[in-house]
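Asks: Following this line is entry-v5.pdb, made up of PDB, C-alpha atoms, pLDDT in the B column:
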```pdb
ATOM      1  CA  ALA R   1     130.033  82.835  91.686  1.00 88.00           C
ATOM      2  CA  GLU R   2     128.725  79.796  89.833  1.00 95.00           C
ATOM      3  CA  PRO R   3     126.003  77.303  90.798  1.00 97.00           C
ATOM      4  CA  LEU R   4     128.349  74.316  91.224  1.00 97.00           C
ATOM      5  CA  ASP R   5     130.131  76.255  93.970  1.00 96.00           C
ATOM      6  CA  LEU R   6     126.958  75.741  96.020  1.00 93.00           C
ATOM      7  CA  VAL R   7     127.391  71.997  95.579  1.00 97.00           C
ATOM      8  CA  ARG R   8     131.037  72.245  96.610  1.00 97.00           C
ATOM      9  CA  LEU R   9     129.942  73.798  99.908  1.00 97.00           C
ATOM     10  CA  CYS R  10     127.895  70.656 100.593  1.00 97.00           C
ATOM     11  CA  ILE R  11     130.828  68.223 100.412  1.00 98.00           C
ATOM     12  CA  ASP R  12     130.791  65.943 103.480  1.00 98.00           C
ATOM     13  CA  GLU R  13     127.306  67.175 104.370  1.00 98.00           C
ATOM     14  CA  VAL R  14     124.110  65.162 104.160  1.00 98.00           C
ATOM     15  CA  VAL R  15     122.222  66.202 101.054  1.00 98.00           C
ATOM     16  CA  TYR R  16     118.884  65.486  99.382  1.00 98.00           C
ATOM     17  CA  VAL R  17     118.995  64.676  95.668  1.00 98.00           C
ATOM     18  CA  ARG R  18     116.003  64.385  93.353  1.00 98.00           C
ATOM     19  CA  LEU R  19     116.420  62.141  90.301  1.00 98.00           C
ATOM     20  CA  ARG R  20     114.449  61.320  87.168  1.00 96.00           C
ATOM     21  CA  GLY R  21     112.027  58.449  87.517  1.00 94.00           C
ATOM     22  CA  ASN R  22     110.385  59.583  90.785  1.00 96.00           C
ATOM     23  CA  ARG R  23     113.410  58.814  92.914  1.00 97.00           C
ATOM     24  CA  GLU R  24     115.058  60.620  95.773  1.00 98.00           C
ATOM     25  CA  LEU R  25     118.308  60.116  97.610  1.00 98.00           C
ATOM     26  CA  ARG R  26     119.476  61.261 101.008  1.00 98.00           C
ATOM     27  CA  GLY R  27     123.097  60.707 101.944  1.00 98.00           C
ATOM     28  CA  ARG R  28     126.494  62.196 102.588  1.00 98.00           C
ATOM     29  CA  LEU R  29     128.030  63.947  99.561  1.00 98.00           C
ATOM     30  CA  HIS R  30     131.514  62.595  98.925  1.00 98.00           C
ATOM     31  CA  ALA R  31     132.120  63.756  95.348  1.00 98.00           C
ATOM     32  CA  TYR R  32     130.572  65.446  92.335  1.00 98.00           C
ATOM     33  CA  ASP R  33     131.621  66.856  88.958  1.00 97.00           C
ATOM     34  CA  SER R  34     130.324  69.246  86.324  1.00 97.00           C
ATOM     35  CA  HIS R  35     128.226  66.455  84.757  1.00 97.00           C
ATOM     36  CA  CYS R  36     126.514  66.092  88.130  1.00 98.00           C
ATOM     37  CA  ASN R  37     127.936  62.596  88.532  1.00 98.00           C
ATOM     38  CA  ILE R  38     127.641  62.137  92.297  1.00 98.00           C
ATOM     39  CA  VAL R  39     129.073  59.841  94.933  1.00 98.00           C
ATOM     40  CA  LEU R  40     127.000  59.480  98.096  1.00 98.00           C
ATOM     41  CA  GLY R  41     127.774  57.515 101.254  1.00 98.00           C
ATOM     42  CA  ASP R  42     125.340  55.964 103.780  1.00 98.00           C
ATOM     43  CA  VAL R  43     122.530  56.677 101.415  1.00 98.00           C
ATOM     44  CA  GLU R  44     118.812  55.949 101.480  1.00 98.00           C
ATOM     45  CA  GLU R  45     117.017  55.802  98.133  1.00 98.00           C
ATOM     46  CA  THR R  46     113.251  56.351  97.978  1.00 98.00           C
ATOM     47  CA  VAL R  47     111.392  55.187  94.878  1.00 98.00           C
ATOM     48  CA  TYR R  48     107.801  56.326  94.344  1.00 97.00           C
ATOM     49  CA  VAL R  49     105.831  53.661  92.474  1.00 95.00           C
ATOM     50  CA  ALA R  50     102.389  54.313  91.014  1.00 91.00           C
ATOM     51  CA  GLU R  51      99.918  51.648  92.032  1.00 88.00           C
ATOM     52  CA  ASP R  52      97.132  50.880  89.604  1.00 82.00           C
ATOM     53  CA  ASP R  53      93.967  50.574  91.589  1.00 78.00           C
ATOM     54  CA  GLU R  54      90.669  49.407  90.104  1.00 77.00           C
ATOM     55  CA  SER R  55      88.745  51.707  92.444  1.00 78.00           C
ATOM     56  CA  GLU R  56      88.993  55.491  92.075  1.00 77.00           C
ATOM     57  CA  GLU R  57      91.831  55.663  94.660  1.00 81.00           C
ATOM     58  CA  ARG R  58      95.223  56.574  93.293  1.00 81.00           C
ATOM     59  CA  ARG R  59      97.955  55.118  95.451  1.00 88.00           C
ATOM     60  CA  VAL R  60     101.676  55.710  95.445  1.00 91.00           C
ATOM     61  CA  LYS R  61     103.902  53.142  97.078  1.00 93.00           C
ATOM     62  CA  THR R  62     107.321  54.035  98.409  1.00 95.00           C
ATOM     63  CA  VAL R  63     110.192  51.591  98.200  1.00 96.00           C
ATOM     64  CA  LYS R  64     113.244  52.396 100.302  1.00 97.00           C
ATOM     65  CA  LYS R  65     116.730  51.010  99.764  1.00 98.00           C
ATOM     66  CA  GLN R  66     119.960  51.554 101.649  1.00 98.00           C
ATOM     67  CA  SER R  67     123.519  51.557 100.325  1.00 98.00           C
ATOM     68  CA  GLU R  68     126.899  52.152 101.895  1.00 98.00           C
ATOM     69  CA  MET R  69     128.166  53.891  98.781  1.00 98.00           C
ATOM     70  CA  LEU R  70     126.397  54.939  95.604  1.00 98.00           C
ATOM     71  CA  PHE R  71     127.603  56.388  92.300  1.00 98.00           C
ATOM     72  CA  VAL R  72     124.937  58.393  90.495  1.00 98.00           C
ATOM     73  CA  ARG R  73     125.418  59.148  86.797  1.00 98.00           C
ATOM     74  CA  GLY R  74     124.825  62.782  85.909  1.00 97.00           C
TER      75      GLY R  74
ATOM     76  CA  MET A  75     124.803  81.934  43.360  1.00 56.00           C
ATOM     77  CA  SER A  76     124.381  85.395  44.804  1.00 56.00           C
ATOM     78  CA  MET A  77     124.454  85.904  48.538  1.00 60.00           C
ATOM     79  CA  GLN A  78     121.315  87.722  49.709  1.00 56.00           C
ATOM     80  CA  GLU A  79     121.855  90.290  52.427  1.00 61.00           C
ATOM     81  CA  ARG A  80     119.729  89.867  55.544  1.00 56.00           C
ATOM     82  CA  ASP A  81     116.995  92.478  55.801  1.00 60.00           C
ATOM     83  CA  PRO A  82     116.381  93.239  59.515  1.00 57.00           C
ATOM     84  CA  LYS A  83     112.687  93.834  58.777  1.00 58.00           C
ATOM     85  CA  LEU A  84     112.327  90.207  57.697  1.00 54.00           C
ATOM     86  CA  GLU A  85     113.721  88.755  60.945  1.00 56.00           C
ATOM     87  CA  ASN A  86     111.285  86.897  63.223  1.00 60.00           C
ATOM     88  CA  GLY A  87     109.209  88.860  65.699  1.00 54.00           C
ATOM     89  CA  PRO A  88     109.144  92.443  66.985  1.00 54.00           C
ATOM     90  CA  GLU A  89     112.052  94.217  68.651  1.00 52.00           C
ATOM     91  CA  PRO A  90     112.789  92.715  72.085  1.00 50.00           C
ATOM     92  CA  THR A  91     111.514  94.778  75.002  1.00 53.00           C
ATOM     93  CA  ALA A  92     114.002  93.345  77.528  1.00 54.00           C
ATOM     94  CA  ASP A  93     116.481  95.613  79.289  1.00 55.00           C
ATOM     95  CA  SER A  94     119.401  93.664  77.840  1.00 55.00           C
ATOM     96  CA  ASP A  95     120.549  92.890  74.344  1.00 74.00           C
ATOM     97  CA  ASP A  96     120.811  89.136  74.685  1.00 86.00           C
ATOM     98  CA  PRO A  97     119.580  86.294  76.910  1.00 86.00           C
ATOM     99  CA  SER A  98     122.874  85.747  78.723  1.00 85.00           C
ATOM    100  CA  ALA A  99     122.997  89.397  79.771  1.00 91.00           C
ATOM    101  CA  PHE A 100     119.526  88.949  81.274  1.00 91.00           C
ATOM    102  CA  LEU A 101     120.809  86.062  83.421  1.00 90.00           C
ATOM    103  CA  GLY A 102     123.553  88.306  84.757  1.00 91.00           C
ATOM    104  CA  GLU A 103     121.033  91.030  85.556  1.00 93.00           C
ATOM    105  CA  ILE A 104     118.632  88.981  87.654  1.00 95.00           C
ATOM    106  CA  THR A 105     121.104  87.453  90.107  1.00 96.00           C
ATOM    107  CA  GLY A 106     120.344  88.512  93.667  1.00 97.00           C
ATOM    108  CA  GLN A 107     116.622  88.798  92.906  1.00 97.00           C
ATOM    109  CA  VAL A 108     113.629  86.584  93.557  1.00 98.00           C
ATOM    110  CA  VAL A 109     112.954  84.431  90.513  1.00 98.00           C
ATOM    111  CA  THR A 110     110.577  81.733  89.341  1.00 98.00           C
ATOM    112  CA  VAL A 111     112.169  78.666  87.759  1.00 98.00           C
ATOM    113  CA  LYS A 112     109.970  76.289  85.782  1.00 98.00           C
ATOM    114  CA  LEU A 113     111.229  72.813  84.983  1.00 98.00           C
ATOM    115  CA  ASN A 114     110.435  70.629  81.958  1.00 98.00           C
ATOM    116  CA  THR A 115     108.362  68.451  84.304  1.00 97.00           C
ATOM    117  CA  GLY A 116     106.064  71.361  85.182  1.00 97.00           C
ATOM    118  CA  ILE A 117     107.358  71.738  88.738  1.00 98.00           C
ATOM    119  CA  VAL A 118     108.002  75.358  89.683  1.00 98.00           C
ATOM    120  CA  PHE A 119     110.556  76.704  92.146  1.00 98.00           C
ATOM    121  CA  THR A 120     110.909  80.203  93.530  1.00 98.00           C
ATOM    122  CA  GLY A 121     113.793  81.625  95.478  1.00 98.00           C
ATOM    123  CA  ASN A 122     116.605  84.088  95.524  1.00 98.00           C
ATOM    124  CA  LEU A 123     118.838  83.591  92.495  1.00 98.00           C
ATOM    125  CA  ASN A 124     122.373  83.082  93.765  1.00 97.00           C
ATOM    126  CA  SER A 125     123.950  82.262  90.381  1.00 97.00           C
ATOM    127  CA  VAL A 126     123.417  80.865  86.884  1.00 96.00           C
ATOM    128  CA  ASP A 127     125.947  79.481  84.419  1.00 93.00           C
ATOM    129  CA  GLY A 128     126.112  78.881  80.653  1.00 91.00           C
ATOM    130  CA  TYR A 129     124.408  75.501  81.003  1.00 94.00           C
ATOM    131  CA  MET A 130     121.524  77.180  82.867  1.00 94.00           C
ATOM    132  CA  ASN A 131     122.538  75.372  86.051  1.00 97.00           C
ATOM    133  CA  ILE A 132     120.924  77.357  88.858  1.00 98.00           C
ATOM    134  CA  ALA A 133     121.668  77.989  92.527  1.00 98.00           C
ATOM    135  CA  LEU A 134     118.676  79.208  94.547  1.00 98.00           C
ATOM    136  CA  GLU A 135     118.517  80.321  98.175  1.00 98.00           C
ATOM    137  CA  GLY A 136     115.342  79.910 100.192  1.00 98.00           C
ATOM    138  CA  CYS A 137     113.913  77.681  97.499  1.00 98.00           C
ATOM    139  CA  ARG A 138     110.193  76.804  97.595  1.00 98.00           C
ATOM    140  CA  GLU A 139     108.552  74.128  95.473  1.00 98.00           C
ATOM    141  CA  TYR A 140     105.148  74.471  93.788  1.00 98.00           C
ATOM    142  CA  VAL A 141     103.139  71.780  92.008  1.00 97.00           C
ATOM    143  CA  ASP A 142     100.058  72.860  90.025  1.00 96.00           C
ATOM    144  CA  GLY A 143     100.433  76.268  91.584  1.00 96.00           C
ATOM    145  CA  ASN A 144     100.241  74.913  95.160  1.00 97.00           C
ATOM    146  CA  TYR A 145     103.048  75.237  97.692  1.00 97.00           C
ATOM    147  CA  ARG A 146     104.588  71.837  98.363  1.00 97.00           C
ATOM    148  CA  GLY A 147     107.525  72.581 100.635  1.00 97.00           C
ATOM    149  CA  SER A 148     110.677  74.473 101.365  1.00 98.00           C
ATOM    150  CA  LEU A 149     113.980  73.127 100.044  1.00 97.00           C
ATOM    151  CA  GLY A 150     116.425  75.743 101.323  1.00 96.00           C
ATOM    152  CA  ASP A 151     119.635  76.120  99.306  1.00 97.00           C
ATOM    153  CA  THR A 152     119.089  74.269  96.038  1.00 98.00           C
ATOM    154  CA  PHE A 153     121.114  73.442  92.926  1.00 98.00           C
ATOM    155  CA  ILE A 154     119.141  72.713  89.729  1.00 98.00           C
ATOM    156  CA  ARG A 155     120.810  70.993  86.770  1.00 98.00           C
ATOM    157  CA  GLY A 156     120.361  73.180  83.720  1.00 98.00           C
ATOM    158  CA  ASN A 157     119.022  70.589  81.258  1.00 98.00           C
ATOM    159  CA  ASN A 158     115.797  70.414  83.316  1.00 98.00           C
ATOM    160  CA  VAL A 159     115.086  74.135  83.155  1.00 98.00           C
ATOM    161  CA  GLU A 160     112.356  75.449  80.889  1.00 97.00           C
ATOM    162  CA  TYR A 161     112.655  79.062  81.996  1.00 96.00           C
ATOM    163  CA  VAL A 162     113.885  81.463  84.618  1.00 96.00           C
ATOM    164  CA  SER A 163     111.582  84.416  85.197  1.00 96.00           C
ATOM    165  CA  ARG A 164     112.149  87.571  87.238  1.00 96.00           C
ATOM    166  CA  GLY A 165     109.902  87.844  90.306  1.00 96.00           C
ATOM    167  CA  LYS A 166     107.562  85.344  91.953  1.00 96.00           C
ATOM    168  CA  SER A 167     104.912  84.126  89.550  1.00 93.00           C
ATOM    169  CA  GLU A 168     101.498  85.549  90.509  1.00 93.00           C
ATOM    170  CA  HIS A 169      99.514  82.329  90.088  1.00 94.00           C
ATOM    171  CA  LEU A 170     101.528  80.543  92.793  1.00 94.00           C
ATOM    172  CA  ARG A 171      99.545  79.969  95.983  1.00 92.00           C
ATOM    173  CA  GLY A 172     101.357  79.895  99.320  1.00 91.00           C
TER     174      GLY A 172
END
```
What's the C-alpha coordinates form of this structure?
Replies:
Amino acid sequence: AEPLDLVRLCIDEVVYVRLRGNRELRGRLHAYDSHCNIVLGDVEETVYVAEDDESEERRVKTVKKQSEMLFVRG
Amino acid sequence: MSMQERDPKLENGPEPTADSDDPSAFLGEITGQVVTVKLNTGIVFTGNLNSVDGYMNIALEGCREYVDGNYRGSLGDTFIRGNNVEYVSRGKSEHLRG
(Lines of atoms letter the chains of each structure in order from A and count residues from 1; the text may use other names and numbers.)
(Lines give C-alpha, C1' and ligand atoms only; values in the text may rest on other atoms or scores of the structure.)
Protein backbone atom coordinates (compact mmCIF):
# COMPACT_ATOMS: atom_id res chain seq x y z
CA ALA A 1 0.00 0.00 0.00
CA GLU A 2 3.00 2.32 0.07
CA PRO A 3 5.50 3.19 -2.67
CA LEU A 4 8.50 1.51 -1.01
CA ASP A 5 6.62 -1.79 -1.21
CA LEU A 6 7.17 -1.55 -4.98
CA VAL A 7 10.90 -1.39 -4.33
CA ARG A 8 10.68 -4.38 -2.01
CA LEU A 9 9.19 -6.42 -4.85
CA CYS A 10 12.34 -5.71 -6.88
CA ILE A 11 14.78 -7.26 -4.39
CA ASP A 12 17.12 -9.67 -6.21
CA GLU A 13 15.89 -8.34 -9.56
CA VAL A 14 17.89 -6.25 -11.99
CA VAL A 15 16.79 -2.65 -11.69
CA TYR A 16 17.47 0.69 -13.38
CA VAL A 17 18.20 3.63 -11.09
CA ARG A 18 18.44 7.27 -12.12
CA LEU A 19 20.63 9.52 -9.96
CA ARG A 20 21.39 13.23 -9.69
CA GLY A 21 24.26 14.43 -11.82
CA ASN A 22 23.18 12.75 -15.09
CA ARG A 23 24.00 9.25 -13.90
CA GLU A 24 22.25 5.94 -14.28
CA LEU A 25 22.80 2.55 -12.75
CA ARG A 26 21.72 -0.90 -13.82
CA GLY A 27 22.30 -3.79 -11.45
CA ARG A 28 20.83 -6.34 -9.11
CA LEU A 29 19.03 -4.84 -6.10
CA HIS A 30 20.38 -6.37 -2.90
CA ALA A 31 19.15 -3.86 -0.31
CA TYR A 32 17.40 -0.55 0.21
CA ASP A 33 15.93 1.53 3.04
CA SER A 34 13.48 4.38 3.53
CA HIS A 35 16.24 6.93 2.80
CA CYS A 36 16.66 5.23 -0.58
CA ASN A 37 20.17 4.12 0.36
CA ILE A 38 20.70 1.27 -2.10
CA VAL A 39 23.05 -1.66 -2.48
CA LEU A 40 23.47 -2.98 -6.02
CA GLY A 41 25.49 -5.95 -7.25
CA ASP A 42 27.09 -6.52 -10.69
CA VAL A 43 26.32 -2.96 -11.56
CA GLU A 44 27.04 -0.80 -14.59
CA GLU A 45 27.12 2.96 -14.06
CA THR A 46 26.56 5.31 -17.00
CA VAL A 47 27.66 8.93 -16.66
CA TYR A 48 26.50 11.46 -19.25
CA VAL A 49 29.12 14.18 -19.70
CA ALA A 50 28.44 17.38 -21.62
CA GLU A 51 31.11 18.07 -24.19
CA ASP A 52 31.83 21.69 -24.99
CA ASP A 53 32.16 21.97 -28.72
CA GLU A 54 33.29 25.13 -30.48
CA SER A 55 31.03 24.35 -33.44
CA GLU A 56 27.24 24.43 -33.06
CA GLU A 57 27.13 20.67 -32.30
CA ARG A 58 26.20 19.75 -28.77
CA ARG A 59 27.70 16.42 -27.83
CA VAL A 60 27.12 14.21 -24.83
CA LYS A 61 29.73 11.62 -23.98
CA THR A 62 28.87 8.51 -22.02
CA VAL A 63 31.31 7.02 -19.56
CA LYS A 64 30.56 3.50 -18.35
CA LYS A 65 31.94 1.90 -15.21
CA GLN A 66 31.44 -1.54 -13.72
CA SER A 67 31.42 -2.58 -10.07
CA GLU A 68 30.86 -5.86 -8.28
CA MET A 69 29.07 -4.12 -5.43
CA LEU A 70 27.96 -0.54 -4.99
CA PHE A 71 26.45 1.39 -2.08
CA VAL A 72 24.40 4.39 -3.18
CA ARG A 73 23.58 7.07 -0.61
CA GLY A 74 19.93 8.08 -0.59
CA MET B 1 -0.04 42.06 24.39
CA SER B 2 -3.47 41.09 23.16
CA MET B 3 -3.91 38.02 21.00
CA GLN B 4 -5.71 38.91 17.76
CA GLU B 5 -8.22 36.35 16.57
CA ARG B 6 -7.75 35.11 13.01
CA ASP B 7 -10.36 36.47 10.63
CA PRO B 8 -11.05 33.83 7.93
CA LYS B 9 -11.67 36.60 5.39
CA LEU B 10 -8.06 37.75 5.77
CA GLU B 11 -6.55 34.33 4.98
CA ASN B 12 -4.65 33.96 1.69
CA GLY B 13 -6.57 33.16 -1.47
CA PRO B 14 -10.13 32.11 -2.31
CA GLU B 15 -11.87 29.01 -0.97
CA PRO B 16 -10.30 25.83 -2.40
CA THR B 17 -12.31 24.20 -5.17
CA ALA B 18 -10.82 20.72 -4.64
CA ASP B 19 -13.05 17.79 -3.71
CA SER B 20 -11.12 17.27 -0.48
CA ASP B 21 -10.41 19.42 2.52
CA ASP B 22 -6.65 19.05 2.57
CA PRO B 23 -3.77 18.04 0.28
CA SER B 24 -3.18 14.63 1.87
CA ALA B 25 -6.81 13.66 1.32
CA PHE B 26 -6.34 14.51 -2.37
CA LEU B 27 -3.41 12.06 -2.58
CA GLY B 28 -5.62 9.33 -1.17
CA GLU B 29 -8.33 10.13 -3.70
CA ILE B 30 -6.25 9.89 -6.86
CA THR B 31 -4.67 6.48 -6.31
CA GLY B 32 -5.66 4.04 -9.04
CA GLN B 33 -5.97 6.85 -11.59
CA VAL B 34 -3.75 8.14 -14.37
CA VAL B 35 -1.66 11.02 -13.09
CA THR B 36 1.01 13.42 -14.29
CA VAL B 37 4.05 13.81 -12.04
CA LYS B 38 6.38 16.74 -12.62
CA LEU B 39 9.84 16.70 -11.10
CA ASN B 40 11.97 19.64 -9.93
CA THR B 41 14.19 19.02 -12.97
CA GLY B 42 11.29 19.62 -15.37
CA ILE B 43 10.98 15.98 -16.43
CA VAL B 44 7.38 14.78 -16.50
CA PHE B 45 6.09 11.26 -15.92
CA THR B 46 2.62 9.87 -16.48
CA GLY B 47 1.24 6.57 -15.32
CA ASN B 48 -1.21 4.83 -13.11
CA LEU B 49 -0.77 5.96 -9.51
CA ASN B 50 -0.23 2.85 -7.41
CA SER B 51 0.53 4.66 -4.13
CA VAL B 52 1.86 7.82 -2.47
CA ASP B 53 3.20 8.33 1.04
CA GLY B 54 3.73 11.28 3.40
CA TYR B 55 7.11 12.06 1.85
CA MET B 56 5.46 12.24 -1.59
CA ASN B 57 7.34 9.10 -2.64
CA ILE B 58 5.40 7.76 -5.62
CA ALA B 59 4.84 4.35 -7.20
CA LEU B 60 3.65 4.48 -10.81
CA GLU B 61 2.61 1.63 -13.10
CA GLY B 62 3.05 1.89 -16.85
CA CYS B 63 5.22 4.94 -16.39
CA ARG B 64 6.09 7.08 -19.43
CA GLU B 65 8.73 9.81 -19.48
CA TYR B 66 8.34 13.17 -21.23
CA VAL B 67 10.99 15.84 -21.77
CA ASP B 68 9.87 19.24 -23.09
CA GLY B 69 6.49 17.71 -23.74
CA ASN B 70 7.91 14.96 -26.00
CA TYR B 71 7.64 11.26 -25.24
CA ARG B 72 11.06 9.86 -24.36
CA GLY B 73 10.37 6.28 -23.34
CA SER B 74 8.50 3.79 -21.25
CA LEU B 75 9.83 2.93 -17.80
CA GLY B 76 7.24 0.41 -16.61
CA ASP B 77 6.83 0.13 -12.83
CA THR B 78 8.62 3.11 -11.32
CA PHE B 79 9.39 4.44 -7.84
CA ILE B 80 10.06 8.19 -7.53
CA ARG B 81 11.72 9.62 -4.42
CA GLY B 82 9.48 12.31 -2.99
CA ASN B 83 12.02 15.13 -2.59
CA ASN B 84 12.22 15.38 -6.41
CA VAL B 85 8.50 15.87 -6.92
CA GLU B 86 7.13 19.29 -7.79
CA TYR B 87 3.54 18.16 -8.24
CA VAL B 88 1.20 15.28 -8.82
CA SER B 89 -1.75 16.12 -11.05
CA ARG B 90 -4.86 14.09 -11.83
CA GLY B 91 -5.08 12.94 -15.46
CA LYS B 92 -2.56 13.04 -18.30
CA SER B 93 -1.39 16.57 -19.00
CA GLU B 94 -2.81 17.79 -22.33
CA HIS B 95 0.40 19.36 -23.65
CA LEU B 96 2.24 16.01 -23.61
CA ARG B 97 2.87 14.63 -27.09
CA GLY B 98 3.01 10.87 -27.61
Asks: May I have the residues of chain A within 6 Å of chain R, counting all atoms listed in the file, written as a PyMOL selection string?
Replies: chain A and resi 125-126+132-133
Asks: Using all atoms listed in the file, which of A:Val162, A:Thr152, A:Leu170, A:Arg146 sits nearest Thr105 (chain A)?
Replies: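 Of all the options, A:Val162 lies closest to Thr105 (chain A).
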Asks: Exactly which residues make up the result of the PyMOL selection byres ((chain A and resi 150) around 7) on this file, given as a ChimeraX atom specification?
Replies: /A:135-137,148-149,151-152
Asks: Which residues come within 10 Å of Thr110 (chain A), counting all atoms listed in the file, excluding same-chain residues fewer than 3 positions away, as number ranges by chain?
Replies: A: 107, 113, 118-123, 134, 137-139, 161-168, 170
Asks: Go ahead and write the selection's residues with C-alpha atoms as an mmCIF file, in the coordinates of the input.
Replies:
```cif
data_model
loop_
_atom_site.group_PDB
_atom_site.id
_atom_site.type_symbol
_atom_site.label_atom_id
_atom_site.label_comp_id
_atom_site.auth_asym_id
_atom_site.auth_seq_id
_atom_site.Cartn_x
_atom_site.Cartn_y
_atom_site.Cartn_z
ATOM 1 C CA GLN A 107 116.622 88.798 92.906
ATOM 2 C CA LEU A 113 111.229 72.813 84.983
ATOM 3 C CA VAL A 118 108.002 75.358 89.683
ATOM 4 C CA PHE A 119 110.556 76.704 92.146
ATOM 5 C CA THR A 120 110.909 80.203 93.530
ATOM 6 C CA GLY A 121 113.793 81.625 95.478
ATOM 7 C CA ASN A 122 116.605 84.088 95.524
ATOM 8 C CA LEU A 123 118.838 83.591 92.495
ATOM 9 C CA LEU A 134 118.676 79.208 94.547
ATOM 10 C CA CYS A 137 113.913 77.681 97.499
ATOM 11 C CA ARG A 138 110.193 76.804 97.595
ATOM 12 C CA GLU A 139 108.552 74.128 95.473
ATOM 13 C CA TYR A 161 112.655 79.062 81.996
ATOM 14 C CA VAL A 162 113.885 81.463 84.618
ATOM 15 C CA SER A 163 111.582 84.416 85.197
ATOM 16 C CA ARG A 164 112.149 87.571 87.238
ATOM 17 C CA GLY A 165 109.902 87.844 90.306
ATOM 18 C CA LYS A 166 107.562 85.344 91.953
ATOM 19 C CA SER A 167 104.912 84.126 89.550
ATOM 20 C CA GLU A 168 101.498 85.549 90.509
ATOM 21 C CA LEU A 170 101.528 80.543 92.793
#
```
Asks: Just the number, please: distance in Å from CA of Asn37 (chain R) to CA of Arg8 (chain R), one decimal.
Replies: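 Atom-to-atom, CA of Asn37 (chain R) to CA of Arg8 (chain R), that is 13.0 Å.
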Asks: Please measure the separation of CA of Ile154 (chain A) and CA of Gly116 (chain A), giving the value in Å to one decimal.
Replies: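 Interatomic distance here is 13.9 Å.
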Asks: Starting from the displayed file, determine the output of the PyMOL selection byres ((chain R and resi 43-49) around 7) and express the residue list as a PDB file with C-alpha atoms, in the frame of the given file.
Replies:
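Contents of the output file part.pdb:
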```pdb
ATOM      1  CA  ASN R  22     110.385  59.583  90.785  1.00 96.00           C
ATOM      2  CA  ARG R  23     113.410  58.814  92.914  1.00 97.00           C
ATOM      3  CA  GLU R  24     115.058  60.620  95.773  1.00 98.00           C
ATOM      4  CA  LEU R  25     118.308  60.116  97.610  1.00 98.00           C
ATOM      5  CA  ARG R  26     119.476  61.261 101.008  1.00 98.00           C
ATOM      6  CA  GLY R  27     123.097  60.707 101.944  1.00 98.00           C
ATOM      7  CA  ARG R  28     126.494  62.196 102.588  1.00 98.00           C
ATOM      8  CA  LEU R  40     127.000  59.480  98.096  1.00 98.00           C
ATOM      9  CA  GLY R  41     127.774  57.515 101.254  1.00 98.00           C
ATOM     10  CA  ASP R  42     125.340  55.964 103.780  1.00 98.00           C
ATOM     11  CA  ALA R  50     102.389  54.313  91.014  1.00 91.00           C
ATOM     12  CA  GLU R  51      99.918  51.648  92.032  1.00 88.00           C
ATOM     13  CA  VAL R  60     101.676  55.710  95.445  1.00 91.00           C
ATOM     14  CA  LYS R  61     103.902  53.142  97.078  1.00 93.00           C
ATOM     15  CA  THR R  62     107.321  54.035  98.409  1.00 95.00           C
ATOM     16  CA  VAL R  63     110.192  51.591  98.200  1.00 96.00           C
ATOM     17  CA  LYS R  64     113.244  52.396 100.302  1.00 97.00           C
ATOM     18  CA  LYS R  65     116.730  51.010  99.764  1.00 98.00           C
ATOM     19  CA  GLN R  66     119.960  51.554 101.649  1.00 98.00           C
ATOM     20  CA  SER R  67     123.519  51.557 100.325  1.00 98.00           C
ATOM     21  CA  GLU R  68     126.899  52.152 101.895  1.00 98.00           C
ATOM     22  CA  MET R  69     128.166  53.891  98.781  1.00 98.00           C
TER      23      MET R  69
END
```
Asks: With a distance cut-off of 10 Å and only C-alpha atoms, select the neighbouring residues of Thr115 (chain A), excluding the residue or stretch itself and same-chain residues fewer than 6 positions from it, and output the selection as a PDB file with C-alpha atoms, keeping the file's coordinate frame.
Replies:
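Listing of part.pdb after writing:
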```pdb
ATOM      1  CA  ARG R  20     114.449  61.320  87.168  1.00 96.00           C
TER       2      ARG R  20
ATOM      3  CA  VAL A 141     103.139  71.780  92.008  1.00 97.00           C
ATOM      4  CA  ASN A 158     115.797  70.414  83.316  1.00 98.00           C
ATOM      5  CA  VAL A 159     115.086  74.135  83.155  1.00 98.00           C
ATOM      6  CA  GLU A 160     112.356  75.449  80.889  1.00 97.00           C
TER       7      GLU A 160
END
```
